[in-house]
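J.: Data: my_file30.cif, mmCIF, C-alpha atoms; chains and numbers go by the auth columns.
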data_work
#
loop_
_atom_site.group_PDB
_atom_site.id
_atom_site.type_symbol
_atom_site.label_atom_id
_atom_site.label_comp_id
_atom_site.label_asym_id
_atom_site.label_seq_id
_atom_site.Cartn_x
_atom_site.Cartn_y
_atom_site.Cartn_z
_atom_site.B_iso_or_equiv
_atom_site.auth_seq_id
_atom_site.auth_asym_id
ATOM 1 C CA MET A 1 122.392 137.974 150.771 0.00 1 S
ATOM 2 C CA GLN A 2 124.063 134.753 151.918 0.00 2 S
ATOM 3 C CA PRO A 3 122.578 132.587 149.112 0.00 3 S
ATOM 4 C CA LEU A 4 123.966 135.074 146.581 0.00 4 S
ATOM 5 C CA ILE A 5 127.408 134.928 148.197 0.00 5 S
ATOM 6 C CA ASP A 6 127.325 131.119 148.290 0.00 6 S
ATOM 7 C CA ASN A 7 126.484 130.970 144.591 0.00 7 S
ATOM 8 C CA ALA A 8 129.204 133.503 143.730 0.00 8 S
ATOM 9 C CA ARG A 9 131.771 131.326 145.567 0.00 9 S
ATOM 10 C CA THR A 10 130.878 128.240 143.511 0.00 10 S
ATOM 11 C CA HIS A 11 130.192 130.017 140.226 0.00 11 S
ATOM 12 C CA GLY A 12 133.792 130.005 138.988 0.00 12 S
ATOM 13 C CA GLN A 13 134.578 126.403 139.933 0.00 13 S
ATOM 14 C CA ARG A 14 134.195 125.292 136.299 0.00 14 S
ATOM 15 C CA PRO A 15 136.702 127.558 134.523 0.00 15 S
ATOM 16 C CA GLU A 16 136.502 125.538 131.304 0.00 16 S
ATOM 17 C CA GLU A 17 132.920 126.750 130.857 0.00 17 S
ATOM 18 C CA PHE A 18 134.065 130.374 130.973 0.00 18 S
ATOM 19 C CA ALA A 19 137.359 130.224 129.049 0.00 19 S
ATOM 20 C CA ARG A 20 135.783 131.147 125.700 0.00 20 S
ATOM 21 C CA LEU A 21 134.326 134.316 127.211 0.00 21 S
ATOM 22 C CA ALA A 22 137.860 135.682 127.644 0.00 22 S
ATOM 23 C CA GLU A 23 138.234 135.740 123.853 0.00 23 S
ATOM 24 C CA GLY A 24 135.711 138.590 123.541 0.00 24 S
ATOM 25 C CA GLN A 25 132.057 139.135 122.916 0.00 25 S
ATOM 26 C CA SER A 26 129.932 139.177 119.806 0.00 26 S
ATOM 27 C CA PRO A 27 126.284 139.372 120.856 0.00 27 S
ATOM 28 C CA ASP A 28 123.679 139.715 118.122 0.00 28 S
ATOM 29 C CA VAL A 29 121.169 141.509 120.351 0.00 29 S
ATOM 30 C CA LEU A 30 121.123 144.683 122.426 0.00 30 S
ATOM 31 C CA PHE A 31 118.418 144.170 125.050 0.00 31 S
ATOM 32 C CA ILE A 32 117.145 147.422 126.599 0.00 32 S
ATOM 33 C CA THR A 33 114.948 146.950 129.620 0.00 33 S
ATOM 34 C CA CYS A 34 114.059 148.260 133.048 0.00 34 S
ATOM 35 C CA SER A 35 116.273 147.968 136.110 0.00 35 S
ATOM 36 C CA ASP A 36 113.397 146.188 137.878 0.00 36 S
ATOM 37 C CA SER A 37 114.663 143.063 139.651 0.00 37 S
ATOM 38 C CA ARG A 38 111.728 141.002 138.367 0.00 38 S
ATOM 39 C CA VAL A 39 112.858 141.455 134.765 0.00 39 S
ATOM 40 C CA VAL A 40 115.786 139.132 134.016 0.00 40 S
ATOM 41 C CA PRO A 41 116.717 139.206 130.316 0.00 41 S
ATOM 42 C CA ALA A 42 118.734 135.974 130.330 0.00 42 S
ATOM 43 C CA LEU A 43 115.940 134.160 132.134 0.00 43 S
ATOM 44 C CA ILE A 44 113.277 135.518 129.771 0.00 44 S
ATOM 45 C CA THR A 45 115.261 134.709 126.605 0.00 45 S
ATOM 46 C CA GLY A 46 117.312 131.725 127.734 0.00 46 S
ATOM 47 C CA ALA A 47 120.466 133.574 126.673 0.00 47 S
ATOM 48 C CA ARG A 48 123.858 132.330 127.805 0.00 48 S
ATOM 49 C CA PRO A 49 126.776 134.586 128.776 0.00 49 S
ATOM 50 C CA GLY A 50 127.929 136.577 125.755 0.00 50 S
ATOM 51 C CA GLU A 51 124.644 136.337 123.825 0.00 51 S
ATOM 52 C CA LEU A 52 122.934 139.556 125.006 0.00 52 S
ATOM 53 C CA PHE A 53 124.375 143.031 125.425 0.00 53 S
ATOM 54 C CA GLU A 54 122.185 144.638 128.083 0.00 54 S
ATOM 55 C CA LEU A 55 121.180 148.188 128.866 0.00 55 S
ATOM 56 C CA ARG A 56 119.052 148.582 131.974 0.00 56 S
ATOM 57 C CA THR A 57 117.579 151.926 132.971 0.00 57 S
ATOM 58 C CA ALA A 58 114.842 153.085 135.296 0.00 58 S
ATOM 59 C CA GLY A 59 111.708 152.595 133.212 0.00 59 S
ATOM 60 C CA ASN A 60 113.662 151.184 130.211 0.00 60 S
ATOM 61 C CA VAL A 61 114.032 154.787 129.097 0.00 61 S
ATOM 62 C CA VAL A 62 116.015 155.634 125.973 0.00 62 S
ATOM 63 C CA PRO A 63 116.803 159.313 126.486 0.00 63 S
ATOM 64 C CA PRO A 64 116.593 161.728 123.565 0.00 64 S
ATOM 65 C CA TYR A 65 119.835 161.753 121.584 0.00 65 S
ATOM 66 C CA THR A 66 122.000 164.851 121.889 0.00 66 S
ATOM 67 C CA PHE A 67 125.510 165.561 120.606 0.00 67 S
ATOM 68 C CA GLU A 68 126.129 168.194 123.293 0.00 68 S
ATOM 69 C CA HIS A 69 125.512 166.023 126.357 0.00 69 S
ATOM 70 C CA PRO A 70 126.241 162.339 125.730 0.00 70 S
ATOM 71 C CA THR A 71 124.684 159.922 128.200 0.00 71 S
ATOM 72 C CA SER A 72 125.724 156.512 129.419 0.00 72 S
ATOM 73 C CA GLU A 73 122.714 155.107 127.576 0.00 73 S
ATOM 74 C CA ALA A 74 123.771 156.727 124.298 0.00 74 S
ATOM 75 C CA ALA A 75 127.320 155.415 124.732 0.00 75 S
ATOM 76 C CA THR A 76 126.029 151.892 125.364 0.00 76 S
ATOM 77 C CA ILE A 77 123.760 151.984 122.306 0.00 77 S
ATOM 78 C CA GLU A 78 126.502 153.395 120.080 0.00 78 S
ATOM 79 C CA TYR A 79 129.013 150.784 121.288 0.00 79 S
ATOM 80 C CA ALA A 80 126.555 147.934 120.727 0.00 80 S
ATOM 81 C CA VAL A 81 125.739 149.089 117.211 0.00 81 S
ATOM 82 C CA GLU A 82 129.086 150.397 115.948 0.00 82 S
ATOM 83 C CA VAL A 83 131.627 148.227 117.765 0.00 83 S
ATOM 84 C CA LEU A 84 129.788 144.994 118.500 0.00 84 S
ATOM 85 C CA GLY A 85 127.640 145.170 115.362 0.00 85 S
ATOM 86 C CA VAL A 86 124.432 143.927 116.957 0.00 86 S
ATOM 87 C CA LYS A 87 121.806 143.019 114.394 0.00 87 S
ATOM 88 C CA GLU A 88 118.751 143.391 116.624 0.00 88 S
ATOM 89 C CA ILE A 89 117.680 145.784 119.377 0.00 89 S
ATOM 90 C CA VAL A 90 114.867 144.811 121.723 0.00 90 S
ATOM 91 C CA VAL A 91 113.210 147.386 123.961 0.00 91 S
ATOM 92 C CA CYS A 92 111.365 145.398 126.605 0.00 92 S
ATOM 93 C CA GLY A 93 108.938 147.053 128.989 0.00 93 S
ATOM 94 C CA HIS A 94 107.071 145.189 131.684 0.00 94 S
ATOM 95 C CA SER A 95 103.814 145.122 133.588 0.00 95 S
ATOM 96 C CA HIS A 96 103.676 146.677 137.049 0.00 96 S
ATOM 97 C CA CYS A 97 106.447 149.141 136.113 0.00 97 S
ATOM 98 C CA GLY A 98 106.999 151.583 138.963 0.00 98 S
ATOM 99 C CA ALA A 99 108.590 154.259 136.787 0.00 99 S
ATOM 100 C CA VAL A 100 105.886 154.319 134.116 0.00 100 S
ATOM 101 C CA GLY A 101 103.189 153.992 136.773 0.00 101 S
ATOM 102 C CA ALA A 102 104.589 157.000 138.643 0.00 102 S
ATOM 103 C CA VAL A 103 104.534 159.074 135.464 0.00 103 S
ATOM 104 C CA VAL A 104 100.951 158.229 134.473 0.00 104 S
ATOM 105 C CA ARG A 105 99.631 158.631 138.013 0.00 105 S
ATOM 106 C CA GLY A 106 101.544 161.853 138.573 0.00 106 S
ATOM 107 C CA ASP A 107 103.115 160.512 141.778 0.00 107 S
ATOM 108 C CA ASP A 108 104.969 162.919 144.055 0.00 108 S
ATOM 109 C CA LEU A 109 108.635 162.009 143.598 0.00 109 S
ATOM 110 C CA THR A 110 110.172 164.796 145.676 0.00 110 S
ATOM 111 C CA GLY A 111 111.631 162.174 148.051 0.00 111 S
ATOM 112 C CA VAL A 112 113.588 160.641 145.165 0.00 112 S
ATOM 113 C CA PRO A 113 114.860 163.684 143.259 0.00 113 S
ATOM 114 C CA ALA A 114 117.196 161.768 140.930 0.00 114 S
ATOM 115 C CA VAL A 115 114.324 159.511 139.855 0.00 115 S
ATOM 116 C CA ARG A 116 112.010 162.527 139.467 0.00 116 S
ATOM 117 C CA ASP A 117 114.538 164.421 137.345 0.00 117 S
ATOM 118 C CA TRP A 118 115.414 161.354 135.228 0.00 118 S
ATOM 119 C CA LEU A 119 111.784 160.658 134.412 0.00 119 S
ATOM 120 C CA ALA A 120 111.009 164.332 133.781 0.00 120 S
ATOM 121 C CA HIS A 121 114.024 164.647 131.454 0.00 121 S
ATOM 122 C CA ALA A 122 113.724 161.384 129.618 0.00 122 S
ATOM 123 C CA CYS A 123 110.156 160.143 129.794 0.00 123 S
ATOM 124 C CA ASP A 124 107.183 161.539 127.895 0.00 124 S
ATOM 125 C CA GLU A 125 103.880 160.786 129.588 0.00 125 S
ATOM 126 C CA PRO A 126 102.586 157.653 127.889 0.00 126 S
ATOM 127 C CA LYS A 127 98.978 157.445 126.748 0.00 127 S
ATOM 128 C CA CYS A 128 96.870 155.577 129.256 0.00 128 S
ATOM 129 C CA ALA A 129 93.084 155.348 129.444 0.00 129 S
ATOM 130 C CA ASP A 130 93.131 153.951 133.002 0.00 130 S
ATOM 131 C CA PRO A 131 95.954 155.270 135.218 0.00 131 S
ATOM 132 C CA THR A 132 94.565 153.214 138.131 0.00 132 S
ATOM 133 C CA ASP A 133 95.370 149.924 136.336 0.00 133 S
ATOM 134 C CA LYS A 134 98.053 148.350 138.560 0.00 134 S
ATOM 135 C CA THR A 135 99.619 146.516 135.601 0.00 135 S
ATOM 136 C CA VAL A 136 99.940 149.812 133.638 0.00 136 S
ATOM 137 C CA THR A 137 99.874 147.623 130.522 0.00 137 S
ATOM 138 C CA GLU A 138 98.584 150.201 128.064 0.00 138 S
ATOM 139 C CA ALA A 139 100.922 152.900 129.378 0.00 139 S
ATOM 140 C CA VAL A 140 103.996 150.655 129.285 0.00 140 S
ATOM 141 C CA GLN A 141 103.236 149.401 125.785 0.00 141 S
ATOM 142 C CA ASN A 142 102.872 152.973 124.520 0.00 142 S
ATOM 143 C CA HIS A 143 106.029 153.920 126.402 0.00 143 S
ATOM 144 C CA VAL A 144 107.989 151.082 124.753 0.00 144 S
ATOM 145 C CA LEU A 145 106.891 152.253 121.309 0.00 145 S
ATOM 146 C CA THR A 146 108.096 155.767 122.162 0.00 146 S
ATOM 147 C CA GLN A 147 111.505 154.396 123.176 0.00 147 S
ATOM 148 C CA VAL A 148 111.788 152.464 119.913 0.00 148 S
ATOM 149 C CA GLU A 149 111.032 155.662 117.995 0.00 149 S
ATOM 150 C CA ARG A 150 113.673 157.511 120.002 0.00 150 S
ATOM 151 C CA LEU A 151 116.226 154.887 119.042 0.00 151 S
ATOM 152 C CA ARG A 152 115.640 155.781 115.399 0.00 152 S
ATOM 153 C CA SER A 153 117.074 159.259 116.097 0.00 153 S
ATOM 154 C CA TYR A 154 120.443 157.876 117.218 0.00 154 S
ATOM 155 C CA PRO A 155 122.837 158.346 114.260 0.00 155 S
ATOM 156 C CA SER A 156 124.358 154.853 114.432 0.00 156 S
ATOM 157 C CA VAL A 157 120.925 153.225 114.698 0.00 157 S
ATOM 158 C CA GLU A 158 119.463 155.343 111.889 0.00 158 S
ATOM 159 C CA SER A 159 122.365 154.448 109.589 0.00 159 S
ATOM 160 C CA ARG A 160 122.096 150.705 110.235 0.00 160 S
ATOM 161 C CA LEU A 161 118.321 150.722 109.877 0.00 161 S
ATOM 162 C CA THR A 162 118.618 152.503 106.539 0.00 162 S
ATOM 163 C CA ASP A 163 120.998 149.928 105.093 0.00 163 S
ATOM 164 C CA GLY A 164 119.129 146.960 106.592 0.00 164 S
ATOM 165 C CA ARG A 165 121.820 145.803 109.020 0.00 165 S
ATOM 166 C CA LEU A 166 119.655 146.404 112.104 0.00 166 S
ATOM 167 C CA ARG A 167 116.106 145.640 113.222 0.00 167 S
ATOM 168 C CA LEU A 168 114.168 147.067 116.176 0.00 168 S
ATOM 169 C CA HIS A 169 111.696 145.152 118.335 0.00 169 S
ATOM 170 C CA ALA A 170 109.176 146.333 120.955 0.00 170 S
ATOM 171 C CA TRP A 171 108.454 143.734 123.657 0.00 171 S
ATOM 172 C CA PHE A 172 106.198 143.675 126.685 0.00 172 S
ATOM 173 C CA TYR A 173 106.847 141.242 129.543 0.00 173 S
ATOM 174 C CA GLU A 174 104.001 140.315 131.885 0.00 174 S
ATOM 175 C CA VAL A 175 105.577 139.968 135.322 0.00 175 S
ATOM 176 C CA HIS A 176 102.532 138.156 136.706 0.00 176 S
ATOM 177 C CA THR A 177 102.354 135.485 133.952 0.00 177 S
ATOM 178 C CA GLY A 178 105.808 135.308 132.368 0.00 178 S
ATOM 179 C CA THR A 179 104.265 135.948 128.942 0.00 179 S
ATOM 180 C CA VAL A 180 106.243 137.979 126.405 0.00 180 S
ATOM 181 C CA ARG A 181 104.430 139.954 123.721 0.00 181 S
ATOM 182 C CA GLU A 182 105.869 141.713 120.677 0.00 182 S
ATOM 183 C CA HIS A 183 104.412 144.690 118.884 0.00 183 S
ATOM 184 C CA ARG A 184 103.147 143.780 115.414 0.00 184 S
ATOM 185 C CA ALA A 185 102.991 146.754 113.070 0.00 185 S
ATOM 186 C CA GLY A 186 100.334 145.136 110.866 0.00 186 S
ATOM 187 C CA THR A 187 97.799 144.972 113.681 0.00 187 S
ATOM 188 C CA ASP A 188 99.314 147.728 115.863 0.00 188 S
ATOM 189 C CA SER A 189 99.016 145.421 118.860 0.00 189 S
ATOM 190 C CA PHE A 190 101.230 143.437 121.197 0.00 190 S
ATOM 191 C CA GLU A 191 100.849 139.735 120.485 0.00 191 S
ATOM 192 C CA LYS A 192 102.375 136.659 122.130 0.00 192 S
ATOM 193 C CA LEU A 193 105.724 135.632 120.705 0.00 193 S
#
Represent the structure contained in this file as structure tokens.

T.:
Amino acid sequence: MQPLIDNARTHGQRPEEFARLAEGQSPDVLFITCSDSRVVPALITGARPGELFELRTAGNVVPPYTFEHPTSEAATIEYAVEVLGVKEIVVCGHSHCGAVGAVVRGDDLTGVPAVRDWLAHACDEPKCADPTDKTVTEAVQNHVLTQVERLRSYPSVESRLTDGRLRLHAWFYEVHTGTVREHRAGTDSFEKL
């Protein structure tokens, strides 16, 4: 913890670098990814403060949209699209994902009931030929595509997609190599960016 504290103490010693951030934000991209500490959107993309609007959830889950019971995730997506006017949304899954792995393996999650209930509520079981694969690559890639499809059901996203003001992207980050792959509709495969 001490290195983090030391960095936080020195972080604000160059106020001129941060002054423009007080004027507001206008990111072009909403980046939806997992809460996993190995996945760092700014590191992966090289984004500077103010360039990415981030939504991090266990398993990069986009829950089904419902008018009756709004979620924090739905509020974040709606704000990014309607207020900030993002032009792109990236859903980025990653290899070695604990949440997706737990779902495909059918792990006993009784010791973590909030995680169990979140995944049961919000996560369809992704297709996976080999649930013993530690990278869970196939499962995560299928899971990411499901989340992108769910985004299409959000009214603000659907409206912006229809009029061409928004584009959706499905990414897969390999924790063990640092490689980022994007789903290509033409080949229905994840290919290196």

J.: Take the PyMOL selection byres ((chain S and resi 36) around 12), apply it to the structure above, and return the hits as a list in words.

T.: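 Applying the expression gives Ile32, Thr33, Cys34, Ser35, Ser37, Arg38, Val39, Val40, Pro41, Arg56, Thr57, Ala58, Gly59, Asn60, Cys92, Gly93, His94, Ser95, His96, Cys97, Gly98, Ala99, Val100, Tyr173 and Val175 of chain S.
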
J.: Of the candidates S:Val136, S:Leu168, S:Ile89, S:Val61, which one gets nearest to His121 of chain S if we count all atoms listed in the file?

T.: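 Closest residue, counting all atoms listed in the file: S:Val61.
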
J.: How would you write, as a list in words, the residues chosen by the PyMOL selection byres ((chain S and resi 191) around 12) on this structure?

T.: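 With the shown file as input, the PyMOL selection byres ((chain S and resi 191) around 12) matches Gln141, Ala170, Trp171, Phe172, Tyr173, Glu174, Thr179, Val180, Arg181, Glu182, His183, Arg184, Ala185, Gly186, Thr187, Asp188, Ser189, Phe190, Lys192 and Leu193 of chain S.
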
J.: Quick one: what's the axis-aligned box for segment 28-41 of chain S, all listed atoms, 3 Å on every side, centre and edges in Å to one decimal, as JSON?

T.:
{"center_x": 117.7, "center_y": 143.7, "center_z": 128.9, "size_x": 18.0, "size_y": 15.1, "size_z": 27.5}

J.: S:Pro63, S:Pro155, S:Pro15, S:Gly85: which is nearest Ala122 of chain S, counting all atoms listed in the file?

T.: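 So, comparing all the options, the nearest one is S:Pro63.
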
J.: Suppose you want the space between atom CA of Asp163 of chain S and atom CA of Pro70 of chain S; what is it in Å?

T.: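 Separation between atom CA of Asp163 of chain S and atom CA of Pro70 of chain S: 24.6 Å.
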
J.: Which distance in Å separates atom CA of Leu151 of chain S and atom CA of Gly164 of chain S, to one decimal?

T.: 15.0 Å

J.: Quick one: apply the PyMOL selection byres ((chain S and resi 81) around 12) to the file and drop the selected residues here as a VMD selection string.

T.: chain S and resid 26 to 31 53 74 to 80 82 to 89 151 154 to 161 165 to 168

J.: Calculate how many Å separate atom CA of Asp133 of chain S from atom CA of Gly101 of chain S, rounding to one decimal.

T.: 8.8 Å

J.: Calculated over only C-alpha atoms, which of the candidates S:Thr71, S:Thr137, S:Gln13, S:Thr132 has the smallest distance to Trp118 of chain S?

T.: S:Thr71

J.: Would you list the residues near (113.0, 153.2, 125.7) (no more than 7 Å away, in the coordinates of the file, using all atoms listed in the file) as a PyMOL selection string?

T.: chain S and resi 60-62+91+144+146-148

J.: Of the candidates S:Pro131, S:Pro113, S:Gly106, S:Gly50, which shows the shortest atom-to-atom distance to Glu23 of chain S, using all atoms listed in the file?

T.: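 The closest residue to Glu23 of chain S is S:Gly50.
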